[in-house]
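What follows is input-v9.txt (compact mmCIF, C-alpha atoms).
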# COMPACT_ATOMS: atom_id res chain seq x y z
CA MET A 1 -9.47 -62.42 37.16
CA GLN A 2 -6.44 -64.33 38.40
CA LYS A 3 -5.58 -65.50 34.89
CA PHE A 4 -4.48 -62.01 33.84
CA ALA A 5 -1.79 -61.85 36.51
CA LEU A 6 -0.74 -65.41 35.72
CA LEU A 7 -0.40 -64.52 32.03
CA TYR A 8 1.85 -61.58 32.91
CA GLU A 9 4.00 -63.90 35.04
CA ARG A 10 4.07 -66.44 32.23
CA LEU A 11 5.35 -63.91 29.69
CA LEU A 12 8.00 -62.65 32.09
CA GLY A 13 9.06 -66.24 32.70
CA LEU A 14 9.47 -66.84 28.97
CA GLY A 15 11.96 -63.97 28.86
CA LEU A 16 10.33 -62.29 25.86
CA PHE A 17 10.41 -58.85 27.48
CA ALA A 18 13.41 -59.17 29.76
CA ASP A 19 15.46 -56.00 30.27
CA ASN A 20 13.82 -54.09 27.42
CA PRO A 21 13.58 -50.36 28.22
CA PRO A 22 10.26 -48.52 27.69
CA HIS A 23 11.43 -46.97 24.40
CA HIS A 24 12.30 -50.40 22.95
CA PRO A 25 9.65 -51.64 20.47
CA ILE A 26 9.23 -54.87 22.46
CA HIS A 27 8.08 -53.76 25.91
CA PHE A 28 5.13 -53.73 28.31
CA ALA A 29 2.93 -50.63 28.21
CA ASP A 30 0.52 -49.88 31.05
CA ALA A 31 -3.04 -48.78 30.31
CA GLU A 32 -5.01 -46.39 32.45
CA GLN A 33 -8.76 -46.73 33.05
CA SER A 34 -10.88 -45.65 30.11
CA THR A 35 -13.10 -42.61 30.43
CA VAL A 36 -16.87 -42.82 30.04
CA ASP A 37 -16.60 -40.75 26.85
CA TYR A 38 -14.52 -43.44 25.19
CA VAL A 39 -16.74 -46.31 26.34
CA ALA A 40 -19.74 -44.32 25.06
CA LEU A 41 -18.39 -44.65 21.54
CA ALA A 42 -20.12 -48.04 21.55
CA HIS A 43 -22.40 -48.04 24.61
CA ASP A 44 -25.43 -46.25 26.01
CA GLU A 45 -24.43 -43.81 28.74
CA ALA A 46 -27.29 -44.83 31.05
CA TYR A 47 -26.09 -48.43 30.75
CA ILE A 48 -22.51 -47.39 31.56
CA ASP A 49 -23.74 -45.46 34.60
CA ALA A 50 -25.82 -48.42 35.81
CA PHE A 51 -22.75 -50.63 35.69
CA ARG A 52 -20.63 -48.10 37.57
CA ARG A 53 -23.28 -47.81 40.31
CA ASP A 54 -23.90 -51.58 40.56
CA ALA A 55 -27.48 -50.93 39.48
CA PHE A 56 -28.07 -53.79 37.02
CA THR A 57 -31.42 -55.55 37.35
CA ALA A 58 -31.52 -59.22 38.37
CA PRO A 59 -32.18 -60.38 34.76
CA ALA A 60 -29.27 -58.23 33.55
CA ARG A 61 -26.99 -59.82 36.15
CA ARG A 62 -27.99 -63.29 34.98
CA LYS A 63 -27.18 -62.42 31.36
CA LEU A 64 -23.78 -61.11 32.42
CA GLY A 65 -22.93 -64.11 34.60
CA LEU A 66 -20.48 -62.21 36.83
CA PRO A 67 -20.85 -60.63 40.27
CA TRP A 68 -20.26 -56.88 40.55
CA SER A 69 -17.23 -55.65 42.47
CA THR A 70 -15.04 -52.57 42.49
CA ALA A 71 -12.19 -54.69 41.17
CA ILE A 72 -14.25 -55.92 38.21
CA MET A 73 -15.36 -52.37 37.45
CA GLN A 74 -11.77 -51.12 37.46
CA ARG A 75 -10.58 -54.06 35.37
CA THR A 76 -13.38 -53.53 32.83
CA PHE A 77 -12.58 -49.85 32.24
CA THR A 78 -8.84 -50.60 32.13
CA ALA A 79 -9.24 -53.48 29.68
CA VAL A 80 -11.12 -51.23 27.24
CA ARG A 81 -8.40 -48.58 27.41
CA GLY A 82 -5.84 -51.36 27.01
CA THR A 83 -7.36 -52.43 23.69
CA MET A 84 -7.34 -48.83 22.52
CA LEU A 85 -3.69 -48.54 23.55
CA THR A 86 -2.92 -51.81 21.75
CA ALA A 87 -4.40 -50.35 18.56
CA ASP A 88 -2.33 -47.18 18.95
CA LEU A 89 0.84 -49.21 19.48
CA ALA A 90 0.04 -51.45 16.51
CA LEU A 91 -0.32 -48.39 14.30
CA GLU A 92 3.00 -47.05 15.62
CA PHE A 93 5.07 -50.26 15.56
CA GLY A 94 3.10 -52.56 13.24
CA LEU A 95 2.07 -55.14 15.87
CA ALA A 96 0.91 -55.17 19.49
CA ALA A 97 -0.76 -57.71 21.79
CA HIS A 98 -2.99 -57.00 24.79
CA LEU A 99 -3.00 -59.09 27.98
CA ALA A 100 -6.80 -58.76 28.17
CA GLY A 101 -9.69 -57.69 25.93
CA GLY A 102 -11.96 -59.46 23.48
CA THR A 103 -15.26 -59.01 25.37
CA HIS A 104 -17.27 -59.45 22.21
CA HIS A 105 -20.70 -60.42 23.63
CA ALA A 106 -21.39 -57.00 25.16
CA HIS A 107 -24.16 -55.16 23.31
CA HIS A 108 -24.88 -51.44 23.08
CA ALA A 109 -26.94 -51.39 26.27
CA GLU A 110 -26.69 -54.91 27.63
CA ALA A 111 -24.08 -57.17 29.20
CA ARG A 112 -23.94 -60.78 28.09
CA GLY A 113 -21.75 -63.84 28.50
CA PHE A 114 -19.17 -62.40 30.96
CA CYS A 115 -18.81 -59.28 28.75
CA ILE A 116 -19.66 -55.80 30.06
CA PHE A 117 -18.15 -53.37 27.53
CA ASN A 118 -17.27 -54.31 23.97
CA ASP A 119 -13.65 -53.22 23.69
CA LEU A 120 -13.47 -54.29 20.03
CA ALA A 121 -16.36 -52.05 19.00
CA VAL A 122 -15.10 -49.14 21.12
CA THR A 123 -11.60 -49.45 19.65
CA ALA A 124 -12.81 -49.77 16.06
CA ARG A 125 -14.68 -46.48 16.36
CA TYR A 126 -11.81 -44.90 18.28
CA ALA A 127 -9.31 -45.90 15.59
CA LEU A 128 -11.53 -44.64 12.79
CA ARG A 129 -11.26 -41.15 14.29
CA ARG A 130 -7.57 -41.15 13.44
CA PRO A 131 -6.56 -39.50 10.15
CA ASP A 132 -4.46 -42.53 9.17
CA VAL A 133 -7.28 -45.09 9.56
CA ASP A 134 -10.11 -45.32 7.02
CA ARG A 135 -11.06 -48.97 7.47
CA VAL A 136 -10.82 -51.41 10.40
CA LEU A 137 -11.25 -55.16 10.03
CA ILE A 138 -12.00 -57.30 13.08
CA ILE A 139 -11.21 -61.00 12.88
CA ASP A 140 -12.68 -62.87 15.83
CA CYS A 141 -11.37 -66.43 16.26
CA ASP A 142 -13.00 -67.05 19.64
CA VAL A 143 -15.07 -70.27 19.58
CA HIS A 144 -18.18 -68.16 20.28
CA GLN A 145 -19.63 -65.76 17.72
CA GLY A 146 -18.82 -62.09 18.27
CA ASP A 147 -22.50 -61.21 18.34
CA GLY A 148 -22.22 -57.97 20.29
CA THR A 149 -19.50 -56.62 18.02
CA ALA A 150 -21.52 -57.49 14.92
CA ARG A 151 -24.67 -55.80 16.22
CA ILE A 152 -22.99 -52.65 17.50
CA LEU A 153 -21.05 -52.15 14.25
CA SER A 154 -23.77 -53.31 11.86
CA GLU A 155 -24.24 -49.82 10.42
CA ASP A 156 -20.52 -48.89 10.40
CA ALA A 157 -19.46 -49.32 6.79
CA ASP A 158 -15.78 -48.80 7.63
CA ALA A 159 -15.66 -51.35 10.48
CA LEU A 160 -15.93 -54.89 9.10
CA THR A 161 -16.56 -57.90 11.32
CA VAL A 162 -15.38 -61.47 10.66
CA SER A 163 -16.38 -64.18 13.13
CA VAL A 164 -14.86 -67.68 12.95
CA HIS A 165 -16.95 -69.67 15.41
CA CYS A 166 -18.71 -72.93 16.24
CA PRO A 167 -22.43 -72.47 15.45
CA ALA A 168 -23.42 -75.10 18.04
CA ASN A 169 -22.03 -72.92 20.83
CA TYR A 170 -23.17 -69.77 22.66
CA PRO A 171 -24.76 -67.38 21.74
CA PHE A 172 -27.77 -69.21 20.40
CA ASP A 173 -29.36 -66.08 18.92
CA LYS A 174 -26.65 -65.38 16.37
CA ALA A 175 -26.06 -61.94 14.88
CA ASP A 176 -25.07 -61.22 11.28
CA SER A 177 -21.38 -60.38 11.04
CA ASP A 178 -20.08 -59.05 7.75
CA TYR A 179 -18.56 -62.51 7.39
CA ASP A 180 -19.53 -65.51 9.53
CA ILE A 181 -17.28 -68.55 9.08
CA GLU A 182 -18.70 -71.63 10.78
CA VAL A 183 -16.48 -74.31 12.30
CA MET A 184 -18.14 -77.62 13.14
CA LYS A 185 -17.94 -79.38 16.52
CA GLY A 186 -14.80 -81.43 17.04
CA CYS A 187 -12.86 -79.57 14.35
CA SER A 188 -9.14 -80.42 14.39
CA SER A 189 -6.22 -78.02 14.08
CA GLN A 190 -5.60 -79.04 10.47
CA THR A 191 -9.19 -78.57 9.34
CA TYR A 192 -9.46 -75.24 11.18
CA LEU A 193 -6.31 -73.90 9.53
CA GLN A 194 -7.45 -75.02 6.09
CA LEU A 195 -10.73 -73.19 6.59
CA LEU A 196 -8.96 -70.04 7.77
CA ASP A 197 -6.57 -70.17 4.84
CA ALA A 198 -9.50 -70.32 2.41
CA TYR A 199 -10.90 -67.00 3.66
CA TRP A 200 -8.42 -64.80 5.49
CA PRO A 201 -5.96 -63.77 2.72
CA LEU A 202 -8.87 -63.09 0.36
CA LEU A 203 -10.62 -60.89 2.91
CA LEU A 204 -7.46 -58.86 3.52
CA ASP A 205 -6.92 -58.35 -0.19
CA ARG A 206 -10.55 -57.47 -0.83
CA HIS A 207 -10.94 -54.91 1.96
CA GLN A 208 -7.35 -53.68 2.47
CA PRO A 209 -7.87 -52.44 6.05
CA ASP A 210 -5.63 -49.88 7.71
CA LEU A 211 -5.86 -51.81 11.00
CA VAL A 212 -6.78 -55.36 12.01
CA LEU A 213 -8.16 -56.14 15.47
CA TYR A 214 -7.54 -59.83 16.15
CA ASP A 215 -9.46 -61.66 18.88
CA ALA A 216 -7.26 -64.68 19.66
CA GLY A 217 -9.68 -66.62 21.88
CA VAL A 218 -8.25 -69.91 23.13
CA ASP A 219 -11.60 -71.54 23.91
CA VAL A 220 -11.07 -73.37 20.63
CA HIS A 221 -8.64 -75.60 22.56
CA ARG A 222 -9.57 -79.24 23.11
CA GLU A 223 -9.02 -78.81 26.87
CA ASP A 224 -11.38 -75.85 27.18
CA ALA A 225 -14.42 -76.28 29.44
CA LEU A 226 -16.78 -74.28 27.19
CA GLY A 227 -15.38 -74.90 23.71
CA LEU A 228 -16.47 -77.66 21.34
CA LEU A 229 -13.43 -77.79 19.07
CA ALA A 230 -10.24 -79.88 19.18
CA LEU A 231 -7.29 -77.58 18.52
CA ASP A 232 -4.09 -78.23 20.45
CA ASP A 233 -1.31 -75.81 21.48
CA GLY A 234 0.45 -76.19 18.16
CA GLY A 235 -2.74 -75.55 16.23
CA ILE A 236 -3.40 -72.33 18.14
CA PHE A 237 0.18 -71.19 17.55
CA ARG A 238 -0.20 -71.87 13.82
CA ARG A 239 -3.58 -70.09 13.78
CA ASP A 240 -2.16 -66.99 15.46
CA THR A 241 0.90 -67.05 13.23
CA HIS A 242 -1.25 -67.43 10.13
CA VAL A 243 -3.51 -64.47 10.99
CA ILE A 244 -0.72 -62.10 12.04
CA GLU A 245 1.67 -63.13 9.26
CA ALA A 246 -0.90 -62.54 6.53
CA CYS A 247 -1.37 -58.99 7.84
CA LEU A 248 2.32 -58.18 8.21
CA GLU A 249 3.07 -59.49 4.72
CA ARG A 250 0.64 -56.82 3.48
CA ARG A 251 2.00 -54.14 5.86
CA ILE A 252 -1.28 -54.04 7.79
CA PRO A 253 -0.91 -53.21 11.52
CA VAL A 254 -2.35 -55.85 13.86
CA ALA A 255 -3.68 -55.35 17.39
CA CYS A 256 -4.25 -58.67 19.20
CA VAL A 257 -6.59 -59.17 22.17
CA LEU A 258 -7.00 -62.14 24.47
CA GLY A 259 -10.56 -63.38 23.92
CA GLY A 260 -12.13 -66.29 25.77
CA GLY A 261 -10.52 -69.18 27.59
CA TYR A 262 -12.14 -71.33 30.27
CA MET A 263 -9.77 -74.07 31.41
CA LYS A 264 -10.15 -74.91 35.08
CA ASP A 265 -6.37 -74.99 35.61
CA LEU A 266 -5.61 -71.26 35.51
CA ARG A 267 -1.85 -71.69 35.09
CA ARG A 268 -2.47 -73.92 32.11
CA LEU A 269 -4.95 -71.34 30.78
CA ALA A 270 -2.37 -68.56 31.12
CA GLU A 271 0.10 -70.75 29.24
CA VAL A 272 -2.32 -71.19 26.33
CA HIS A 273 -3.36 -67.51 26.34
CA GLY A 274 0.34 -66.62 26.02
CA ILE A 275 0.62 -68.42 22.69
CA VAL A 276 -0.51 -65.35 20.75
CA HIS A 277 2.19 -63.26 22.44
CA GLN A 278 4.82 -65.84 21.52
CA ALA A 279 3.62 -65.86 17.91
CA ALA A 280 3.60 -62.05 17.83
CA PHE A 281 7.10 -61.92 19.30
CA ALA A 282 8.49 -64.28 16.66
CA LEU A 283 6.78 -62.47 13.80
CA TYR A 284 7.77 -59.01 15.05
CA ARG A 285 11.41 -60.05 14.97
CA ARG A 286 10.97 -61.52 11.50
CA PHE A 287 9.05 -58.69 9.85
CA LEU A 288 9.51 -55.48 11.84
CA GLU A 289 12.60 -55.44 14.04
Please, can you express the file's structure as structure tokens?
Amino acid sequence: MQKFALLYERLLGLGLFADNPPHHPIHFADAEQSTVDYVALAHDEAYIDAFRRDAFTAPARRKLGLPWSTAIMQRTFTAVRGTMLTADLALEFGLAAHLAGGTHHAHHAEARGFCIFNDLAVTARYALRRPDVDRVLIIDCDVHQGDGTARILSEDADALTVSVHCPANYPFDKADSDYDIEVMKGCSSQTYLQLLDAYWPLLLDRHQPDLVLYDAGVDVHREDALGLLALDDGGIFRRDTHVIEACLERRIPVACVLGGGYMKDLRRLAEVHGIVHQAAFALYRRFLE
């Protein structure tokens, strides 16, 4: 969990948010813990209760891959509410970026792959309750397929899922997203961006969403311990810029979440996670300020 604090320090150090008052469009907003009612938009209530009580079975703990603690429970509920808040801020200002979120392997009643609650699925259904949102599009650029998101939202016609992932990587029992875009092992920044460019503008124009949820996972980086791709810092910056810019050009609000990242050097990981915030900052000033 240390990477989240290090990311906050990194962004402060870059000076992107220095001296901005709370009413300024570019500012930090604090999320509270989510309520069970909100989490239940995408998850079974008995499953939620089992997590709160530290009552997962041994096989369930193995699928999750994390130990239970009060701190993890608090972080999990807060991260979900943070993604919801990010969506609200994106709809208000046009663009917002979370310092957590993107736990896309969590299923309706099962934790998997370090993911307990699926904040993307919760937030998609939460946003669709708003009168100004009729269609949500999720683009997931984590190196791993967003299998939990795809399965939870499989029957939600107004919540579309796009997963850009390496098929050789976890999870090995893939789900069916609305659109699955496969990226082969060792893919470079240039090839990745060409592939994204072939799909992303067309998908936006075809579906014309009222909100985009963007999972900006950095486990696509060549230094990542669990990724199989070869993007560098510049490639990730161009990826994030490409996704956000295509939305803002069409006046589509974008809510960015962190996604996966597994470098052993946590300060380096925080640096790479902060790329999406730097891209968002530059594009906000260009399109919205």
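Nearest to Thr76 (chain A) of all the residues A:Ala157, A:Leu137, A:Met1, A:Ala279 is A:Met1, based on only C-alpha atoms.
Closest to His27 (chain A) among A:Ala109, A:Leu211, A:Leu160, A:Ala96 is A:Ala96, based on all atoms listed in the file.
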Residue contacts of Tyr179 (chain A) (7 Å, only C-alpha atoms) excluding same-chain residues fewer than 3 positions away, as a short mmCIF file (atom, residue, chain, number, x, y, z; two decimals) with C-alpha atoms, in the coordinates of the input:
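Saved result, selection19.cif, follows:
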data_model
loop_
_atom_site.label_atom_id
_atom_site.label_comp_id
_atom_site.auth_asym_id
_atom_site.auth_seq_id
_atom_site.Cartn_x
_atom_site.Cartn_y
_atom_site.Cartn_z
CA THR A 161 -16.56 -57.90 11.32
CA VAL A 162 -15.38 -61.47 10.66
CA SER A 163 -16.38 -64.18 13.13
#
Considering only C-alpha atoms, return as a CSV table (one decimal) with C-alpha atoms, in the frame of the given file whatever protein or nucleic-acid residues lie within 9 Å of Phe281 (chain A), sequence-local ones (same chain, fewer than 5 positions apart) excluded.
chain,number,residue,atom,x,y,z
A,16,LEU,CA,10.3,-62.3,25.9
A,26,ILE,CA,9.2,-54.9,22.5
A,276,VAL,CA,-0.5,-65.4,20.8
A,286,ARG,CA,11.0,-61.5,11.5
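For the atom pair formed by CA of Leu91 (chain A) and CA of Pro253 (chain A), the distance is 5.6 Å, given to one decimal.
Restricting the calculation to all atoms listed in the file, the smallest distance between Asp158 (chain A) and any of A:Ala175, A:Leu203, A:Val143, A:Leu128 is found for A:Leu128.
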Can you list, as a short mmCIF file (atom, residue, chain, number, x, y, z; two decimals) with C-alpha atoms, in the frame of the given file, every protein, DNA or RNA residue that comes within 10 Å of Cys115 (chain A) when you count all atoms listed in the file, leaving out same-chain residues fewer than 6 positions away?
data_model
loop_
_atom_site.label_atom_id
_atom_site.label_comp_id
_atom_site.auth_asym_id
_atom_site.auth_seq_id
_atom_site.Cartn_x
_atom_site.Cartn_y
_atom_site.Cartn_z
CA LYS A 63 -27.18 -62.42 31.36
CA LEU A 64 -23.78 -61.11 32.42
CA GLY A 65 -22.93 -64.11 34.60
CA LEU A 66 -20.48 -62.21 36.83
CA THR A 76 -13.38 -53.53 32.83
CA GLY A 101 -9.69 -57.69 25.93
CA GLY A 102 -11.96 -59.46 23.48
CA THR A 103 -15.26 -59.01 25.37
CA HIS A 104 -17.27 -59.45 22.21
CA HIS A 105 -20.70 -60.42 23.63
CA ALA A 106 -21.39 -57.00 25.16
CA HIS A 107 -24.16 -55.16 23.31
CA GLY A 148 -22.22 -57.97 20.29
#
Closest atom pairs, region 9-126 of chain A residues within 12 Å of region 226-244 of chain A, all atoms listed in the file, as JSON lines:
{"residue": "A:Ala90", "atom": "CA", "partner": "A:Ile244", "partner_atom": "CA", "distance": 11.6}
{"residue": "A:Gly94", "atom": "CA", "partner": "A:Ile244", "partner_atom": "CA", "distance": 10.3}
{"residue": "A:Leu95", "atom": "CA", "partner": "A:Ile244", "partner_atom": "CA", "distance": 8.4}
{"residue": "A:Ala96", "atom": "CA", "partner": "A:Ile244", "partner_atom": "CA", "distance": 10.3}
{"residue": "A:Ala97", "atom": "CA", "partner": "A:Ile244", "partner_atom": "CA", "distance": 10.7}
{"residue": "A:Gly113", "atom": "CA", "partner": "A:Leu226", "partner_atom": "CA", "distance": 11.6}
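Residues lying at most 7 Å from (-24.4, -52.1, 25.7) in file coordinates, with only C-alpha atoms considered, are His43, Asp44, Tyr47, Ala106, His107, His108, Ala109, Glu110, Ala111 and Phe117 of chain A.
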Identify, on the basis of all atoms listed in the file, every residue whose closest approach to Gln2 (chain A) does not exceed 10 Å; exclude the query and any residue fewer than 2 positions from it along the same chain; express the result as a PDB file with C-alpha atoms, in the coordinates of the input.
ATOM      1  CA  PHE A   4      -4.480 -62.010  33.840  1.00  0.00           C
ATOM      2  CA  ALA A   5      -1.790 -61.850  36.510  1.00  0.00           C
ATOM      3  CA  LEU A   6      -0.740 -65.410  35.720  1.00  0.00           C
ATOM      4  CA  LEU A   7      -0.400 -64.520  32.030  1.00  0.00           C
ATOM      5  CA  LEU A 266      -5.610 -71.260  35.510  1.00  0.00           C
ATOM      6  CA  ARG A 267      -1.850 -71.690  35.090  1.00  0.00           C
ATOM      7  CA  ALA A 270      -2.370 -68.560  31.120  1.00  0.00           C
TER       8      ALA A 270
END
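Counting all atoms listed in the file and comparing A:Val36, A:Ala124, A:Ile116, A:Leu283, the residue that lies closest to Thr83 (chain A) is A:Ala124.
Those residues that approach Tyr126 (chain A) to within 8 Å, counting all atoms listed in the file, are Tyr38, Leu41 and Met84 of chain A; same-chain residues fewer than 5 positions away are not listed.
Considering only C-alpha atoms, the residue among A:Val272, A:Asp49, A:Gly186, A:Asp178 positioned nearest to Cys166 (chain A) is A:Gly186.
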